[in-house]
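Engineer: Enclosed is the structure file query-v3.tsv (TSV, C-alpha atoms).
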chain	number	residue	atom	x	y	z
A	257	ALA	CA	83.69	100.37	94.89
A	258	LYS	CA	79.94	100.89	94.67
A	259	LEU	CA	79.39	97.29	93.51
A	260	GLU	CA	81.61	95.98	96.29
A	261	LEU	CA	79.72	97.97	98.94
A	262	GLU	CA	76.41	96.75	97.54
A	263	TRP	CA	77.71	93.16	97.62
A	264	LEU	CA	78.83	93.50	101.25
A	265	GLU	CA	75.45	94.96	102.22
A	266	CYS	CA	73.62	92.05	100.57
A	267	VAL	CA	75.85	89.49	102.28
A	268	ASN	CA	75.25	91.16	105.64
A	269	LEU	CA	71.47	91.18	105.05
A	270	ASN	CA	71.63	87.49	104.23
A	271	GLN	CA	73.24	86.40	107.47
A	272	GLN	CA	69.86	85.40	108.91
A	273	LYS	CA	68.12	83.73	105.95
A	274	LEU	CA	68.32	83.93	102.19
A	275	LYS	CA	65.31	86.04	101.32
A	276	LYS	CA	64.14	86.28	97.72
A	277	PRO	CA	64.76	89.99	97.12
A	278	VAL	CA	68.25	89.86	98.60
A	279	VAL	CA	69.21	86.73	96.66
A	280	HIS	CA	67.97	88.45	93.50
A	281	GLN	CA	69.98	91.59	94.32
A	282	MET	CA	73.10	89.51	94.97
A	283	ARG	CA	72.74	87.83	91.56
A	284	VAL	CA	72.23	91.18	89.83
A	285	ASN	CA	75.30	92.54	91.60
A	286	LEU	CA	77.40	89.58	90.43
A	287	LYS	CA	76.21	90.08	86.86
A	288	LYS	CA	77.19	93.76	87.05
A	289	GLN	CA	80.61	92.81	88.39
A	290	LEU	CA	81.14	90.40	85.48
A	291	ALA	CA	80.10	93.13	83.05
A	292	PHE	CA	82.54	95.53	84.71
A	293	LEU	CA	85.35	92.98	84.34
A	294	THR	CA	84.56	92.76	80.63
A	295	LEU	CA	84.92	96.54	80.36
A	296	MET	CA	88.22	96.38	82.21
A	297	GLN	CA	89.78	93.75	79.96
A	298	HIS	CA	92.09	96.29	78.34
A	299	GLY	CA	93.27	97.77	81.63
A	300	VAL	CA	93.91	94.67	83.75
A	301	GLU	CA	96.03	91.59	83.18
A	302	HIS	CA	94.11	88.83	81.42
A	303	GLU	CA	95.09	86.25	84.06
A	304	ARG	CA	93.70	88.38	86.88
A	305	LEU	CA	90.45	88.96	85.01
A	306	VAL	CA	90.05	85.23	84.45
A	307	GLU	CA	90.73	84.60	88.14
A	308	PHE	CA	88.23	87.26	89.24
A	309	ALA	CA	85.58	86.01	86.83
A	310	GLU	CA	86.04	82.45	88.08
A	311	VAL	CA	85.43	83.54	91.68
A	312	ILE	CA	82.32	85.48	90.69
A	313	ARG	CA	80.95	82.60	88.59
A	314	THR	CA	81.49	80.12	91.44
A	315	VAL	CA	79.47	82.27	93.85
A	316	GLN	CA	76.92	83.01	91.12
A	317	LYS	CA	76.42	79.30	90.42
A	318	GLN	CA	75.66	78.53	94.06
A	319	LEU	CA	73.20	81.40	94.32
A	320	GLY	CA	71.67	80.55	90.94
A	321	LYS	CA	70.43	77.16	92.11
A	322	LEU	CA	68.66	78.75	95.04
A	323	ARG	CA	67.26	81.65	93.02
A	324	ASN	CA	65.88	79.37	90.29
A	325	CYS	CA	64.13	77.30	92.93
A	326	GLN	CA	62.68	80.44	94.53
A	327	VAL	CA	61.32	81.64	91.18
A	328	GLN	CA	59.85	78.22	90.38
A	329	ARG	CA	58.22	78.04	93.80
A	330	THR	CA	56.64	81.48	93.40
A	331	LYS	CA	55.24	80.51	89.99
A	332	ALA	CA	53.98	77.16	91.30
A	333	GLU	CA	52.22	78.84	94.21
A	334	LEU	CA	50.54	81.27	91.81
A	335	ILE	CA	49.38	78.50	89.47
A	336	GLU	CA	48.17	76.32	92.33
A	337	SER	CA	46.29	79.24	93.83
A	338	ASP	CA	44.66	80.09	90.50
A	339	LEU	CA	43.59	76.46	90.03
A	340	GLY	CA	42.42	76.11	93.61
A	341	HIS	CA	44.73	73.16	94.30
A	342	GLU	CA	46.58	72.26	97.41
A	343	TYR	CA	50.22	73.29	97.43
A	344	ASN	CA	51.76	70.02	96.26
A	345	ILE	CA	54.44	71.23	93.89
A	346	SER	CA	55.21	74.40	95.79
A	347	ASN	CA	55.61	72.44	99.02
A	348	PHE	CA	58.10	70.16	97.26
A	349	LEU	CA	59.94	73.24	95.97
A	350	LYS	CA	59.89	74.74	99.45
A	351	GLU	CA	61.78	71.69	100.70
A	352	LYS	CA	64.26	71.94	97.80
A	353	GLU	CA	64.72	75.62	98.57
A	354	ALA	CA	65.59	74.73	102.16
A	355	ASP	CA	68.11	72.20	100.82
A	356	TYR	CA	69.70	74.85	98.59
A	357	GLN	CA	69.84	77.25	101.53
A	358	GLU	CA	71.67	74.60	103.52
A	359	VAL	CA	74.11	74.06	100.64
A	360	TRP	CA	74.67	77.84	100.50
A	361	SER	CA	75.31	77.94	104.25
A	362	LYS	CA	77.94	75.22	103.94
A	363	PHE	CA	79.43	76.97	100.90
A	364	ILE	CA	79.88	80.27	102.74
A	365	GLU	CA	81.40	78.44	105.71
A	366	ASP	CA	83.99	76.86	103.43
A	367	ILE	CA	84.55	79.92	101.24
A	368	SER	CA	83.64	83.23	102.80
A	369	PRO	CA	81.95	85.23	100.01
A	370	VAL	CA	83.25	88.46	101.49
A	371	GLU	CA	86.85	87.23	101.52
A	372	ALA	CA	86.51	85.51	98.14
A	373	MET	CA	85.22	88.68	96.53
A	374	ALA	CA	87.72	91.01	98.29
A	375	GLY	CA	89.93	92.80	95.86
A	376	ILE	CA	87.78	92.19	92.81
Taking this structure as input, can you express it in the form of structure tokens?
Structural biologist:
Amino acid sequence: AKLELEWLECVNLNQQKLKKPVVHQMRVNLKKQLAFLTLMQHGVEHERLVEFAEVIRTVQKQLGKLRNCQVQRTKAELIESDLGHEYNISNFLKEKEADYQEVWSKFIEDISPVEAMAGI
């Protein structure tokens, strides 16, 4: 229940824009939910666990693309700043990040993360 409440809070915080700390927290939450499912494998039907894990992994995959881009952009900005260069790579990554955010927006329109994760 705690993981589900945390997930719902993160989703609600992300209604405006996918901010780095919230995306990170969402990914951590999904990893914890997968770990919990592993612990529950002896108490829940195998088919249901597989179904739940598939839903979590689908959401996790979409968020993972965005999160990886955010991390790369942060590192690129740091390196560029240290070297005193213009923000060439980080600007490119900023555009890719916007693309991933758009993909996420379309994804949550098609499959509501709250509904998809309900009952897990």
Engineer: Write out as an MDAnalysis selection string the residues lying within 8 Å of A:Gln318, counting only C-alpha atoms and excluding same-chain residues fewer than 4 positions away.
Structural biologist: chainID A and resid 314 322 360 363
Engineer: For the atom pair atom CA of A:Leu349 and atom CA of A:Thr330, what is the interatomic distance in Å to one decimal place?
Structural biologist: 9.2 Å
Engineer: Point out the residue among A:Leu339, A:Val267, A:Met296, A:Leu274 with the least atom-to-atom distance to A:Tyr356, counting only C-alpha atoms.
Structural biologist: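 Between A:Leu339, A:Val267, A:Met296, A:Leu274, the residue approaching A:Tyr356 most closely is A:Leu274.
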Engineer: Do you know which residues are at most 12 Å from A:Leu319 counting all atoms listed in the file, after dropping those on the same chain fewer than 3 positions away, and could you put them as number ranges by chain?
Structural biologist: A: 267, 270, 274-276, 278-287, 312-316, 322-326, 353, 356-361, 363-364, 369
Engineer: Between atom CA of A:Val311 and atom CA of A:Lys352, measure the distance and give it in Å to one decimal.
Structural biologist: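 That distance, rounded to one decimal, is 24.9 Å.
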Engineer: Can you tell me, as a PyMOL selection string, what residues are no more than 7 Å from A:Lys350 when counting only C-alpha atoms, ignoring any on the same chain fewer than 4 positions away?
Structural biologist: chain A and resi 329+346+354
Engineer: Can you tell me how far atom CA of A:Ala309 sits from atom CA of A:Leu290, in Å to one decimal?
Structural biologist: 6.4 Å
Engineer: Measuring atom to atom with only C-alpha atoms, identify which of A:Asp338, A:Val327, A:Ala257, A:Lys321 is nearest to A:Pro277.
Structural biologist: A:Val327
Engineer: For A:Thr294, which residue out of A:Ile345, A:Met373, A:Ile367, A:Val306 is the nearest one, using only C-alpha atoms?
Structural biologist: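 Counting only C-alpha atoms, the residue closest to A:Thr294 is A:Val306.
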